[in-house]
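Trainee: Structure supplied as my_file17.txt; contents: compact mmCIF, C-alpha atoms and all ligand atoms.
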# COMPACT_ATOMS: atom_id res chain seq x y z
CA MET A 1 0.00 0.00 0.00
CA SER A 2 1.39 3.40 -0.90
CA LYS A 3 1.88 6.01 1.80
CA VAL A 4 -0.83 8.09 0.20
CA SER A 5 -3.44 5.37 0.23
CA LYS A 6 -2.44 4.41 3.76
CA TRP A 7 -2.77 7.89 5.24
CA ILE A 8 -5.27 9.90 3.22
CA ARG A 9 -8.79 9.31 4.60
CA PRO A 10 -10.73 6.92 2.32
CA GLU A 11 -13.63 9.37 1.90
CA ILE A 12 -11.16 11.99 0.61
CA GLN A 13 -9.52 9.50 -1.78
CA ALA A 14 -12.97 8.68 -3.15
CA LEU A 15 -13.65 12.34 -4.05
CA SER A 16 -12.79 14.01 -7.31
CA ALA A 17 -11.44 17.57 -6.99
CA TYR A 18 -13.93 20.38 -7.71
CA HIS A 19 -13.61 20.69 -11.47
CA VAL A 20 -13.50 24.11 -13.08
CA PRO A 21 -13.39 23.81 -16.89
CA ASP A 22 -10.95 25.89 -18.95
CA SER A 23 -12.83 28.90 -20.23
CA SER A 24 -10.36 31.06 -22.12
CA ASP A 25 -11.90 32.38 -25.38
CA THR A 26 -15.38 31.19 -24.50
CA ILE A 27 -18.68 32.86 -23.73
CA LYS A 28 -18.83 31.88 -20.10
CA LEU A 29 -22.36 31.07 -19.00
CA ASP A 30 -21.57 28.29 -16.54
CA ALA A 31 -20.82 29.87 -13.16
CA MET A 32 -23.51 32.49 -12.41
CA GLU A 33 -21.10 35.38 -12.79
CA ASN A 34 -22.27 38.92 -13.52
CA PRO A 35 -21.09 39.53 -17.13
CA TYR A 36 -20.48 43.26 -16.70
CA ARG A 37 -17.36 45.15 -15.71
CA TRP A 38 -17.39 48.60 -14.11
CA PRO A 39 -17.44 51.80 -16.18
CA ASP A 40 -13.94 53.24 -16.76
CA ASP A 41 -14.35 56.20 -14.39
CA LEU A 42 -15.29 53.85 -11.56
CA VAL A 43 -12.28 51.65 -12.29
CA GLU A 44 -10.07 54.76 -12.04
CA GLN A 45 -11.58 55.70 -8.67
CA TRP A 46 -11.11 52.14 -7.43
CA LEU A 47 -7.45 52.18 -8.50
CA ASP A 48 -6.99 55.35 -6.43
CA VAL A 49 -8.31 53.47 -3.40
CA ILE A 50 -6.11 50.44 -4.05
CA ARG A 51 -3.03 52.65 -4.48
CA ASP A 52 -3.22 53.65 -0.81
CA VAL A 53 -3.66 50.14 0.57
CA GLU A 54 -0.79 49.10 2.81
CA LEU A 55 0.05 45.66 1.50
CA ASN A 56 2.89 45.35 4.02
CA ARG A 57 0.38 45.35 6.89
CA TYR A 58 -2.07 42.70 7.98
CA PRO A 59 -5.68 43.63 7.29
CA ASP A 60 -8.12 44.62 10.07
CA PRO A 61 -8.78 41.15 11.53
CA GLY A 62 -12.41 41.95 12.27
CA ALA A 63 -13.00 43.92 9.02
CA GLN A 64 -15.03 46.37 11.13
CA VAL A 65 -15.50 49.12 8.55
CA LEU A 66 -16.51 46.66 5.85
CA LYS A 67 -18.96 44.95 8.20
CA GLN A 68 -20.65 48.28 8.88
CA HIS A 69 -21.08 48.94 5.15
CA LEU A 70 -22.39 45.42 4.57
CA ARG A 71 -24.83 45.70 7.46
CA ILE A 72 -26.49 48.64 5.74
CA ALA A 73 -26.25 47.32 2.16
CA MET A 74 -27.67 43.92 3.09
CA ASP A 75 -30.30 45.12 5.59
CA VAL A 76 -28.90 43.09 8.48
CA PRO A 77 -31.11 43.77 11.53
CA ASP A 78 -29.47 45.84 14.29
CA GLU A 79 -29.69 43.04 16.85
CA SER A 80 -27.99 40.46 14.56
CA GLU A 81 -24.26 39.78 14.53
CA ILE A 82 -22.20 39.42 11.31
CA LEU A 83 -19.44 36.95 10.41
CA LEU A 84 -17.45 37.27 7.19
CA GLY A 85 -15.94 34.48 5.10
CA ASN A 86 -13.54 34.16 2.19
CA GLY A 87 -16.59 33.48 0.02
CA SER A 88 -19.68 31.94 1.55
CA ASP A 89 -18.07 28.58 0.85
CA GLU A 90 -15.69 29.35 3.70
CA LEU A 91 -18.62 30.18 5.98
CA ILE A 92 -20.19 26.80 5.19
CA GLN A 93 -16.86 25.22 6.14
CA MET A 94 -16.58 27.23 9.38
CA ILE A 95 -20.09 26.24 10.44
CA MET A 96 -19.35 22.56 9.90
CA MET A 97 -15.90 22.76 11.53
CA ALA A 98 -17.52 24.15 14.65
CA MET A 99 -20.43 21.68 14.64
CA SER A 100 -18.86 18.37 13.61
CA GLY A 101 -18.33 15.77 16.32
CA ASN A 102 -20.36 13.44 18.50
CA ASP A 103 -23.05 13.98 21.10
CA THR A 104 -22.76 12.44 24.56
CA ALA A 105 -24.61 9.32 23.38
CA GLY A 106 -21.94 8.85 20.68
CA ASN A 107 -24.12 9.87 17.70
CA THR A 108 -22.22 11.73 14.97
CA HIS A 109 -23.54 15.23 14.23
CA SER A 110 -25.05 15.28 10.73
CA VAL A 111 -25.88 17.76 7.96
CA LEU A 112 -29.21 17.82 6.12
CA SER A 113 -30.14 19.50 2.86
CA VAL A 114 -32.18 18.86 -0.27
CA GLU A 115 -31.39 17.21 -3.61
CA PRO A 116 -30.83 18.68 -6.08
CA GLY A 117 -29.14 21.43 -4.10
CA PHE A 118 -25.85 23.28 -3.80
CA VAL A 119 -23.06 20.68 -4.04
CA MET A 120 -20.72 22.29 -1.49
CA TYR A 121 -22.96 21.36 1.47
CA LYS A 122 -22.38 17.67 0.81
CA MET A 123 -18.73 18.09 -0.19
CA ILE A 124 -17.76 20.04 2.93
CA ALA A 125 -19.74 17.62 5.14
CA THR A 126 -17.58 14.87 3.63
CA PHE A 127 -14.38 16.87 4.29
CA MET A 128 -15.46 17.22 7.92
CA GLY A 129 -16.49 13.61 8.37
CA MET A 130 -20.13 14.56 8.96
CA PRO A 131 -22.90 12.28 7.64
CA TYR A 132 -24.91 14.06 4.93
CA ILE A 133 -28.64 13.48 4.47
CA GLY A 134 -30.05 14.71 1.13
CA ILE A 135 -33.85 14.78 0.94
CA PRO A 136 -35.21 14.75 -2.64
CA LEU A 137 -37.30 17.71 -3.76
CA ASN A 138 -40.74 17.11 -5.28
CA ASP A 139 -40.94 16.86 -9.09
CA ASP A 140 -41.79 20.58 -9.30
CA PHE A 141 -38.67 21.35 -7.18
CA SER A 142 -40.72 22.31 -4.12
CA LEU A 143 -39.81 21.09 -0.63
CA ASP A 144 -41.26 17.73 0.41
CA GLU A 145 -42.37 18.93 3.83
CA THR A 146 -43.56 15.52 5.08
CA GLU A 147 -40.27 13.82 4.17
CA LEU A 148 -38.19 16.68 5.53
CA LEU A 149 -39.96 16.78 8.89
CA ALA A 150 -39.70 12.99 9.16
CA ALA A 151 -35.96 13.09 8.35
CA ILE A 152 -35.37 15.87 10.88
CA LYS A 153 -37.12 13.82 13.53
CA GLU A 154 -35.19 10.67 12.65
CA HIS A 155 -31.68 12.08 12.09
CA GLN A 156 -31.70 15.11 14.43
CA PRO A 157 -29.28 17.02 12.13
CA ALA A 158 -26.91 19.55 13.71
CA VAL A 159 -27.31 21.84 10.71
CA ILE A 160 -29.77 22.20 7.83
CA PHE A 161 -28.85 24.13 4.67
CA LEU A 162 -31.50 25.55 2.33
CA ALA A 163 -30.54 27.74 -0.62
CA TYR A 164 -33.17 30.44 -1.22
CA PRO A 165 -33.48 30.66 -4.24
CA ASN A 166 -32.15 27.15 -4.75
CA ASN A 167 -29.19 26.30 -6.98
CA PRO A 168 -29.53 24.62 -9.53
CA THR A 169 -33.34 24.77 -9.66
CA SER A 170 -33.61 28.61 -9.33
CA ASN A 171 -36.92 28.60 -7.40
CA LEU A 172 -37.80 30.10 -4.02
CA PHE A 173 -39.13 27.48 -1.61
CA ASP A 174 -42.38 28.03 0.24
CA GLU A 175 -41.81 30.35 3.21
CA LYS A 176 -44.28 28.58 5.51
CA THR A 177 -42.57 25.23 4.89
CA ILE A 178 -39.17 26.74 5.75
CA ARG A 179 -40.65 28.22 8.91
CA ASN A 180 -41.93 24.77 9.87
CA ILE A 181 -38.46 23.32 9.26
CA ILE A 182 -36.82 26.01 11.43
CA ALA A 183 -39.34 25.30 14.19
CA ALA A 184 -38.72 21.54 13.97
CA ALA A 185 -34.91 21.70 13.66
CA PRO A 186 -33.02 20.55 16.76
CA GLY A 187 -29.96 22.56 15.63
CA VAL A 188 -29.34 25.45 13.31
CA VAL A 189 -30.92 26.27 9.91
CA VAL A 190 -28.84 28.21 7.38
CA VAL A 191 -30.86 29.97 4.68
CA ASP A 192 -28.34 30.56 1.88
CA GLU A 193 -29.36 33.67 -0.06
CA ALA A 194 -26.54 33.70 -2.62
CA TYR A 195 -29.02 34.84 -5.32
CA HIS A 196 -30.76 37.47 -3.25
CA ALA A 197 -29.97 40.23 -5.79
CA PHE A 198 -32.25 38.49 -8.30
CA ALA A 199 -35.05 37.39 -5.98
CA GLU A 200 -37.85 39.28 -4.32
CA LYS A 201 -37.85 37.57 -0.95
CA SER A 202 -35.51 37.16 2.02
CA PHE A 203 -35.38 35.72 5.50
CA MET A 204 -33.16 38.59 6.68
CA PRO A 205 -36.10 40.66 8.05
CA ILE A 206 -37.37 37.72 10.12
CA LEU A 207 -33.98 36.67 11.56
CA LYS A 208 -34.97 37.92 15.00
CA GLU A 209 -38.00 35.64 15.19
CA TYR A 210 -35.84 32.54 15.62
CA ASP A 211 -32.80 31.74 17.73
CA ASN A 212 -31.66 28.93 15.39
CA LEU A 213 -31.90 30.76 12.05
CA LEU A 214 -28.86 32.07 10.17
CA VAL A 215 -28.96 33.95 6.86
CA MET A 216 -26.02 33.72 4.47
CA ARG A 217 -25.22 36.11 1.63
CA THR A 218 -22.35 36.53 -0.83
CA VAL A 219 -21.16 39.32 -3.10
CA SER A 220 -20.17 36.76 -5.75
CA LYS A 221 -23.37 36.57 -7.76
CA MET A 222 -24.04 40.31 -7.58
CA GLY A 223 -20.88 41.09 -9.49
CA LEU A 224 -17.85 40.61 -7.25
CA ALA A 225 -17.04 36.90 -7.60
CA GLY A 226 -13.32 37.66 -7.82
CA LEU A 227 -13.22 39.27 -4.36
CA ARG A 228 -14.30 36.16 -2.41
CA LEU A 229 -16.54 37.60 0.28
CA GLY A 230 -19.50 36.04 2.05
CA LEU A 231 -21.58 37.12 5.03
CA LEU A 232 -23.41 35.21 7.74
CA ALA A 233 -25.98 36.99 9.90
CA GLY A 234 -27.63 35.71 13.06
CA LYS A 235 -27.53 35.51 16.83
CA ALA A 236 -24.20 36.36 18.48
CA GLU A 237 -24.35 33.12 20.50
CA TRP A 238 -23.87 31.08 17.32
CA LEU A 239 -21.56 33.42 15.42
CA ASN A 240 -19.17 33.87 18.36
CA GLU A 241 -18.58 30.10 18.31
CA PHE A 242 -18.09 29.94 14.52
CA ASP A 243 -15.70 32.89 14.78
CA LYS A 244 -13.36 30.73 16.90
CA VAL A 245 -12.58 28.44 13.94
CA ARG A 246 -12.05 31.34 11.53
CA LEU A 247 -8.45 31.73 10.44
CA PRO A 248 -7.05 35.16 11.38
CA TYR A 249 -7.19 37.75 8.57
CA ASN A 250 -9.43 35.58 6.37
CA ILE A 251 -10.67 38.68 4.52
CA ASN A 252 -7.58 40.06 2.82
CA ILE A 253 -6.77 43.76 2.66
CA LEU A 254 -7.53 44.14 -1.07
CA THR A 255 -10.92 42.49 -0.63
CA GLN A 256 -11.74 44.74 2.33
CA ALA A 257 -10.78 47.91 0.47
CA SER A 258 -12.41 46.86 -2.81
CA ALA A 259 -15.65 45.66 -1.24
CA GLU A 260 -15.97 48.87 0.78
CA PHE A 261 -15.51 50.83 -2.42
CA ALA A 262 -17.98 48.65 -4.34
CA ILE A 263 -20.63 49.04 -1.67
CA LYS A 264 -20.25 52.80 -1.66
CA ASN A 265 -21.01 52.53 -5.38
CA ILE A 266 -23.70 49.89 -5.01
CA ASP A 267 -25.92 51.70 -7.56
CA THR A 268 -23.67 50.45 -10.35
CA LEU A 269 -24.03 46.85 -9.21
CA ASP A 270 -27.78 47.29 -8.66
CA LYS A 271 -28.23 48.56 -12.22
CA GLN A 272 -26.32 45.56 -13.53
CA THR A 273 -28.34 43.02 -11.56
CA GLN A 274 -31.59 44.73 -12.62
CA GLN A 275 -30.49 44.46 -16.25
CA ILE A 276 -29.74 40.76 -15.68
CA CYS A 277 -33.30 40.28 -14.35
CA VAL A 278 -34.74 41.96 -17.47
CA ASP A 279 -32.58 39.79 -19.74
CA ARG A 280 -33.50 36.70 -17.74
CA GLU A 281 -37.16 37.29 -18.62
CA SER A 282 -36.35 37.71 -22.34
CA LEU A 283 -34.22 34.56 -22.34
CA PHE A 284 -36.92 32.62 -20.50
CA ASN A 285 -39.60 33.80 -22.95
CA GLU A 286 -37.45 32.79 -25.93
CA LEU A 287 -36.77 29.38 -24.42
CA SER A 288 -40.48 28.91 -23.67
CA LEU A 289 -41.26 29.22 -27.40
CA ILE A 290 -39.04 26.23 -28.26
CA LYS A 291 -40.82 22.89 -28.62
CA ASN A 292 -39.78 19.76 -26.71
CA ILE A 293 -37.81 21.55 -24.00
CA THR A 294 -38.85 22.87 -20.59
CA PRO A 295 -37.24 25.99 -19.16
CA TYR A 296 -37.99 26.53 -15.46
CA SER A 297 -39.05 29.94 -14.24
CA SER A 298 -36.14 31.56 -12.35
CA GLN A 299 -35.68 33.78 -9.32
CA ALA A 300 -31.91 33.76 -9.82
CA ASN A 301 -29.42 34.75 -12.57
CA PHE A 302 -29.56 31.42 -14.38
CA ILE A 303 -32.14 29.24 -16.10
CA LEU A 304 -32.47 25.49 -15.80
CA VAL A 305 -33.67 23.81 -19.00
CA ARG A 306 -34.81 20.23 -19.48
CA VAL A 307 -34.08 19.09 -23.03
CA ALA A 308 -35.29 16.04 -24.95
CA GLU A 309 -34.34 12.69 -23.44
CA GLY A 310 -30.71 11.70 -23.94
CA GLN A 311 -29.72 14.96 -25.69
CA ALA A 312 -28.13 17.00 -22.89
CA ASP A 313 -24.57 15.64 -23.16
CA ARG A 314 -24.42 16.12 -26.93
CA MET A 315 -25.89 19.63 -26.76
CA PHE A 316 -23.51 20.66 -24.01
CA ASP A 317 -20.46 19.32 -25.89
CA ASN A 318 -21.46 20.93 -29.18
CA LEU A 319 -22.11 24.31 -27.57
CA LYS A 320 -18.75 24.13 -25.84
CA GLU A 321 -17.06 23.23 -29.12
CA GLN A 322 -18.56 26.38 -30.61
CA GLY A 323 -17.38 28.58 -27.77
CA VAL A 324 -20.37 28.72 -25.41
CA LEU A 325 -19.78 27.15 -22.01
CA ILE A 326 -22.88 26.28 -19.95
CA LYS A 327 -23.34 23.67 -17.20
CA ASN A 328 -24.34 20.09 -17.92
CA LEU A 329 -26.29 18.65 -14.98
CA ASN A 330 -27.42 15.45 -16.70
CA SER A 331 -24.80 13.28 -15.00
CA ALA A 332 -26.12 14.29 -11.56
CA GLY A 333 -29.17 12.17 -12.41
CA GLY A 334 -32.43 12.15 -10.45
CA LEU A 335 -34.50 15.27 -11.07
CA LEU A 336 -31.61 16.75 -13.08
CA LYS A 337 -31.58 14.08 -15.78
CA ASP A 338 -31.56 15.78 -19.23
CA CYS A 339 -31.02 19.20 -17.61
CA LEU A 340 -28.71 22.02 -18.67
CA ARG A 341 -28.13 25.24 -16.73
CA VAL A 342 -27.33 28.51 -18.41
CA THR A 343 -26.24 31.68 -16.61
CA VAL A 344 -27.89 34.87 -17.85
CA GLY A 345 -25.16 36.85 -19.62
CA THR A 346 -25.27 40.07 -21.62
CA ALA A 347 -28.08 40.40 -24.18
CA GLU A 348 -25.51 39.62 -26.89
CA GLU A 349 -24.20 36.51 -25.11
CA ASN A 350 -27.73 35.25 -24.53
CA LYS A 351 -28.54 35.75 -28.21
CA LYS A 352 -25.45 33.80 -29.28
CA PHE A 353 -26.34 31.02 -26.83
CA LEU A 354 -29.92 30.84 -28.15
CA GLU A 355 -28.81 30.70 -31.78
CA LEU A 356 -26.45 27.80 -31.15
CA PHE A 357 -28.85 26.08 -28.77
CA LYS A 358 -31.62 26.08 -31.40
CA THR A 359 -29.35 24.53 -34.03
CA GLU A 360 -28.48 21.70 -31.62
CA LEU A 361 -32.05 20.65 -30.78
C1 LIG A 401 -22.41 30.30 -5.66
C2 LIG A 401 -23.05 29.84 -4.42
C3 LIG A 401 -22.40 29.96 -3.17
C4 LIG A 401 -20.93 30.29 -3.06
O1 LIG A 401 -20.64 31.56 -3.09
P1 LIG A 401 -19.18 32.12 -2.79
O2 LIG A 401 -19.46 33.27 -1.90
O3 LIG A 401 -18.65 32.51 -4.12
O4 LIG A 401 -18.35 31.08 -2.12
C5 LIG A 401 -23.09 29.62 -2.03
N1 LIG A 401 -24.33 29.12 -2.10
C6 LIG A 401 -24.98 28.95 -3.27
C7 LIG A 401 -26.35 28.38 -3.28
C8 LIG A 401 -24.34 29.29 -4.46
O5 LIG A 401 -24.96 29.07 -5.63
What does the file become when written as structure tokens?

Mentor:
Amino acid sequence: MSKVSKWIRPEIQALSAYHVPDSSDTIKLDAMENPYRWPDDLVEQWLDVIRDVELNRYPDPGAQVLKQHLRIAMDVPDESEILLGNGSDELIQMIMMAMSGNDTAGNTHSVLSVEPGFVMYKMIATFMGMPYIGIPLNDDFSLDETELLAAIKEHQPAVIFLAYPNNPTSNLFDEKTIRNIIAAAPGVVVVDEAYHAFAEKSFMPILKEYDNLLVMRTVSKMGLAGLRLGLLAGKAEWLNEFDKVRLPYNINILTQASAEFAIKNIDTLDKQTQQICVDRESLFNELSLIKNITPYSSQANFILVRVAEGQADRMFDNLKEQGVLIKNLNSAGGLLKDCLRVTVGTAEENKKFLELFKTEL
């Protein structure tokens, strides 16, 4: 047996590394990025800010100024605490690092979410050695309340993750059902609002009604994916514990300065996300006119499309060959069989995608 296979945990050896396809020279509609850059004058102002950053110094470990800006921009209630992560992926990891382990009876703390859902919940649970329970959504991608409540009762999960809107299905789950889940949860419920900029609803205003609810946001999907910055809001009792597993200076000095600047100029980002919502509706309407496929109505910046049986792999490959990269979800199986996911790009990019997509039907 090699040293590697002897010492690396079997569940890690069984994983494949998170695959990010090469995307140079392609129209990139695979990763829910905002397709727009900033206007030139804003870039100049940002460079002036960056020029003064002291790269020789450690950043503010608590990112206090940035937190204050985010509190206002993201409508975090006054009585809620804020924890920042190097992307919300890092927050998911911090939560699980703090919560993994065994109870006094020897049961291993578990993680519960829905399938299809955001893949990092399951991946990070695996990294942390936490059992992961994935409850299938109904055929219309709604929550199966009966199954969820039964699973919560049976497994007593330490943490439940629900993306709102959900990735990759792009719908908002029923609020009443989520409230029932929060009430039934023995541990904490994280409502992941990564796509909040494109949705009309949020759990942020009702944070104070529950002592086991946490709301997570990120700046990635609203136009700052390169910065890596996520936010968790909730009761100080929880966040103070998660903060103990945070590595010092996890929000680097360039991210702090750039995010502060971006939030002072939030109007630019807001205009971009509003344009994306308008273009999402046009793209959805165009897709709805095509026979033999089903686009799903979206509350996010991407559209999930079910194509004719057995065609998804070929369509994905041919689009990629012609320079348009989307996401093929067919291999995930289950409710995602025959499904492709396309991020809403610029009007031009969407048009190019549609043209090629129609020729591949
Ligand atoms: C993209 C995404 C994230 C990760 O965001 P980062 O802040 O870029 O790490 C989290 N949750 C969901 C549901 C996402 O789709």

Trainee: Let me make sure I understand: among A:Met96, A:Val190, A:Ala308, A:Ile303, which one has the smallest atom-to-atom distance to Leu231 (chain A) if we use all atoms listed in the file?

Mentor: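 Once distances to Leu231 (chain A) are computed over all atoms listed in the file, the minimum belongs to A:Val190.
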
Trainee: Go ahead and compute the interatomic distance for CA of Pro61 (chain A) and CA of Asp48 (chain A), in Å to one decimal.

Mentor: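 Value for the CA of Pro61 (chain A)-CA of Asp48 (chain A) distance: 23.0 Å.
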
Trainee: Can you pull out the residues contacting region 149-161 of chain A? Cut-off 7 Å, using all atoms listed in the file, and skip same-chain residues under 4 positions away; I want them as a list in words.

Mentor: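 That gives Met99, His109, Ser110, Val111, Leu112, Ser113, Glu145, Ile181, Ala185, Pro186, Gly187, Val188, Val189, Val190 and Val191 of chain A.
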
Trainee: Of the candidates A:Asp30, A:Asp174, A:Asp60, A:Asp270, which one gets nearest to ligand LIG 401 (chain A) if we count only C-alpha atoms and all ligand atoms?

Mentor: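 Of all the options, A:Asp30 lies closest to ligand LIG 401 (chain A).
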
Trainee: Around ligand LIG 401 (chain A), at most 7 Å away and counting only C-alpha atoms and all ligand atoms, which residues are there? Put them as a PyMOL selection string, please.

Mentor: chain A and resi 87-90+118+163+166-167+192-194+218-221+225+228-230

Trainee: Just the number, please: distance in Å from CA of Leu172 (chain A) to CA of Gln274 (chain A), one decimal.

Mentor: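 Separation between CA of Leu172 (chain A) and CA of Gln274 (chain A): 18.1 Å.
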
Trainee: Return the padded bounding box of region 181-189 of chain A as AutoDock Vina command-line options: axis-aligned, built from all atoms listed in the file, 8 Å added on each side, with centre and edge lengths in Å to one decimal.

Mentor:
--center_x -34.3 --center_y 23.4 --center_z 13.0 --size_x 26.0 --size_y 21.7 --size_z 23.5

Trainee: Figure out the distance between CA of Ile266 (chain A) and CA of Ala197 (chain A), please, to one decimal in Å.

Mentor: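 Going from CA of Ala197 (chain A) over to CA of Ile266 (chain A), I get 11.5 Å.
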
Trainee: Residues at most 9 Å from Glu241 (chain A), counting all atoms listed in the file, excluding those fewer than 4 positions away in the same chain, as a VMD selection string?

Mentor: chain A and resid 95 98 236 to 237 245

Trainee: So that I can check the surroundings of Lys208 (chain A), please list as a list in words every protein, DNA and RNA residue that reaches within 12 Å of it, counting only C-alpha atoms and ignoring chain neighbours fewer than 6 positions away.

Mentor: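 The residues that qualify are Val76, Pro77, Asp78, Glu79, Ser80, Glu81, Leu214, Val215, Ala233, Gly234, Lys235 and Ala236 of chain A.
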
Trainee: Between A:Phe284, A:Phe316, A:Tyr249, A:Trp238, which one has atoms that come closest to Ala63 (chain A), using all atoms listed in the file?

Mentor: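 The shortest atom-to-atom distance to Ala63 (chain A) comes from A:Tyr249.
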
Trainee: Wanna dump the region 86-194 of chain A-region 333-356 of chain A contacts at 12 Å for me, each residue with its shortest atom pair and the distance in Å to one decimal, counting only C-alpha atoms, ordered by chain and number, as JSON lines?

Mentor:
{"residue": "A:Val114", "atom": "CA", "partner": "A:Leu335", "partner_atom": "CA", "distance": 11.6}
{"residue": "A:Glu115", "atom": "CA", "partner": "A:Leu335", "partner_atom": "CA", "distance": 8.3}
{"residue": "A:Pro116", "atom": "CA", "partner": "A:Leu335", "partner_atom": "CA", "distance": 7.1}
{"residue": "A:Gly117", "atom": "CA", "partner": "A:Leu336", "partner_atom": "CA", "distance": 10.4}
{"residue": "A:Ile135", "atom": "CA", "partner": "A:Gly334", "partner_atom": "CA", "distance": 11.8}
{"residue": "A:Pro136", "atom": "CA", "partner": "A:Leu335", "partner_atom": "CA", "distance": 8.5}
{"residue": "A:Leu137", "atom": "CA", "partner": "A:Leu335", "partner_atom": "CA", "distance": 8.2}
{"residue": "A:Asn138", "atom": "CA", "partner": "A:Leu335", "partner_atom": "CA", "distance": 8.7}
{"residue": "A:Asp139", "atom": "CA", "partner": "A:Leu335", "partner_atom": "CA", "distance": 6.9}
{"residue": "A:Asp140", "atom": "CA", "partner": "A:Leu335", "partner_atom": "CA", "distance": 9.2}
{"residue": "A:Phe141", "atom": "CA", "partner": "A:Leu335", "partner_atom": "CA", "distance": 8.3}
{"residue": "A:Ser142", "atom": "CA", "partner": "A:Leu335", "partner_atom": "CA", "distance": 11.7}
{"residue": "A:Asn167", "atom": "CA", "partner": "A:Arg341", "partner_atom": "CA", "distance": 9.9}
{"residue": "A:Pro168", "atom": "CA", "partner": "A:Arg341", "partner_atom": "CA", "distance": 7.4}
{"residue": "A:Thr169", "atom": "CA", "partner": "A:Arg341", "partner_atom": "CA", "distance": 8.8}
{"residue": "A:Ser170", "atom": "CA", "partner": "A:Arg341", "partner_atom": "CA", "distance": 9.8}

Trainee: Would you list the contacts of Val53 (chain A) as a ChimeraX atom specification, taking every protein, DNA or RNA residue within 8 Å and counting only C-alpha atoms, but skipping same-chain residues closer than 4 positions in sequence?

Mentor: /A:49,253-254,257

Trainee: Could you check which of A:Ser23, A:Ser288, A:Asn171, A:Ser331 is closest to Lys201 (chain A), using only C-alpha atoms?

Mentor: A:Asn171

Trainee: Counting all atoms listed in the file, figure out which residue out of A:Asn180, A:Lys67, A:Arg37, A:Tyr121 gets nearest to Met94 (chain A).

Mentor: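 The answer is A:Tyr121, which sits nearest to Met94 (chain A).
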
Trainee: Please output region 178-189 of chain A, rebuilt to include N, CA and C atoms, as a PDB file, in the coordinates of the input.

Mentor:
ATOM      1  N   ILE A 178     -40.478  26.466   5.120  1.00  0.00           N
ATOM      2  CA  ILE A 178     -39.170  26.740   5.750  1.00  0.00           C
ATOM      3  C   ILE A 178     -39.359  27.099   7.221  1.00  0.00           C
ATOM      4  N   ARG A 179     -40.382  27.877   7.507  1.00  0.00           N
ATOM      5  CA  ARG A 179     -40.650  28.220   8.910  1.00  0.00           C
ATOM      6  C   ARG A 179     -40.921  26.953   9.744  1.00  0.00           C
ATOM      7  N   ASN A 180     -41.656  26.017   9.155  1.00  0.00           N
ATOM      8  CA  ASN A 180     -41.930  24.770   9.870  1.00  0.00           C
ATOM      9  C   ASN A 180     -40.652  23.965  10.094  1.00  0.00           C
ATOM     10  N   ILE A 181     -39.744  24.024   9.123  1.00  0.00           N
ATOM     11  CA  ILE A 181     -38.460  23.320   9.260  1.00  0.00           C
ATOM     12  C   ILE A 181     -37.628  23.973  10.371  1.00  0.00           C
ATOM     13  N   ILE A 182     -37.593  25.305  10.387  1.00  0.00           N
ATOM     14  CA  ILE A 182     -36.820  26.010  11.430  1.00  0.00           C
ATOM     15  C   ILE A 182     -37.383  25.634  12.812  1.00  0.00           C
ATOM     16  N   ALA A 183     -38.717  25.609  12.904  1.00  0.00           N
ATOM     17  CA  ALA A 183     -39.340  25.300  14.190  1.00  0.00           C
ATOM     18  C   ALA A 183     -39.051  23.861  14.625  1.00  0.00           C
ATOM     19  N   ALA A 184     -38.936  22.955  13.648  1.00  0.00           N
ATOM     20  CA  ALA A 184     -38.720  21.540  13.970  1.00  0.00           C
ATOM     21  C   ALA A 184     -37.242  21.192  14.154  1.00  0.00           C
ATOM     22  N   ALA A 185     -36.345  22.042  13.660  1.00  0.00           N
ATOM     23  CA  ALA A 185     -34.910  21.700  13.660  1.00  0.00           C
ATOM     24  C   ALA A 185     -34.355  21.677  15.081  1.00  0.00           C
ATOM     25  N   PRO A 186     -33.635  20.595  15.434  1.00  0.00           N
ATOM     26  CA  PRO A 186     -33.020  20.550  16.760  1.00  0.00           C
ATOM     27  C   PRO A 186     -31.790  21.457  16.831  1.00  0.00           C
ATOM     28  N   GLY A 187     -31.176  21.734  15.684  1.00  0.00           N
ATOM     29  CA  GLY A 187     -29.960  22.560  15.630  1.00  0.00           C
ATOM     30  C   GLY A 187     -30.222  23.832  14.872  1.00  0.00           C
ATOM     31  N   VAL A 188     -29.283  24.175  13.991  1.00  0.00           N
ATOM     32  CA  VAL A 188     -29.340  25.450  13.310  1.00  0.00           C
ATOM     33  C   VAL A 188     -29.803  25.262  11.854  1.00  0.00           C
ATOM     34  N   VAL A 189     -30.504  26.280  11.321  1.00  0.00           N
ATOM     35  CA  VAL A 189     -30.920  26.270   9.910  1.00  0.00           C
ATOM     36  C   VAL A 189     -30.254  27.453   9.215  1.00  0.00           C
TER      37      VAL A 189
END
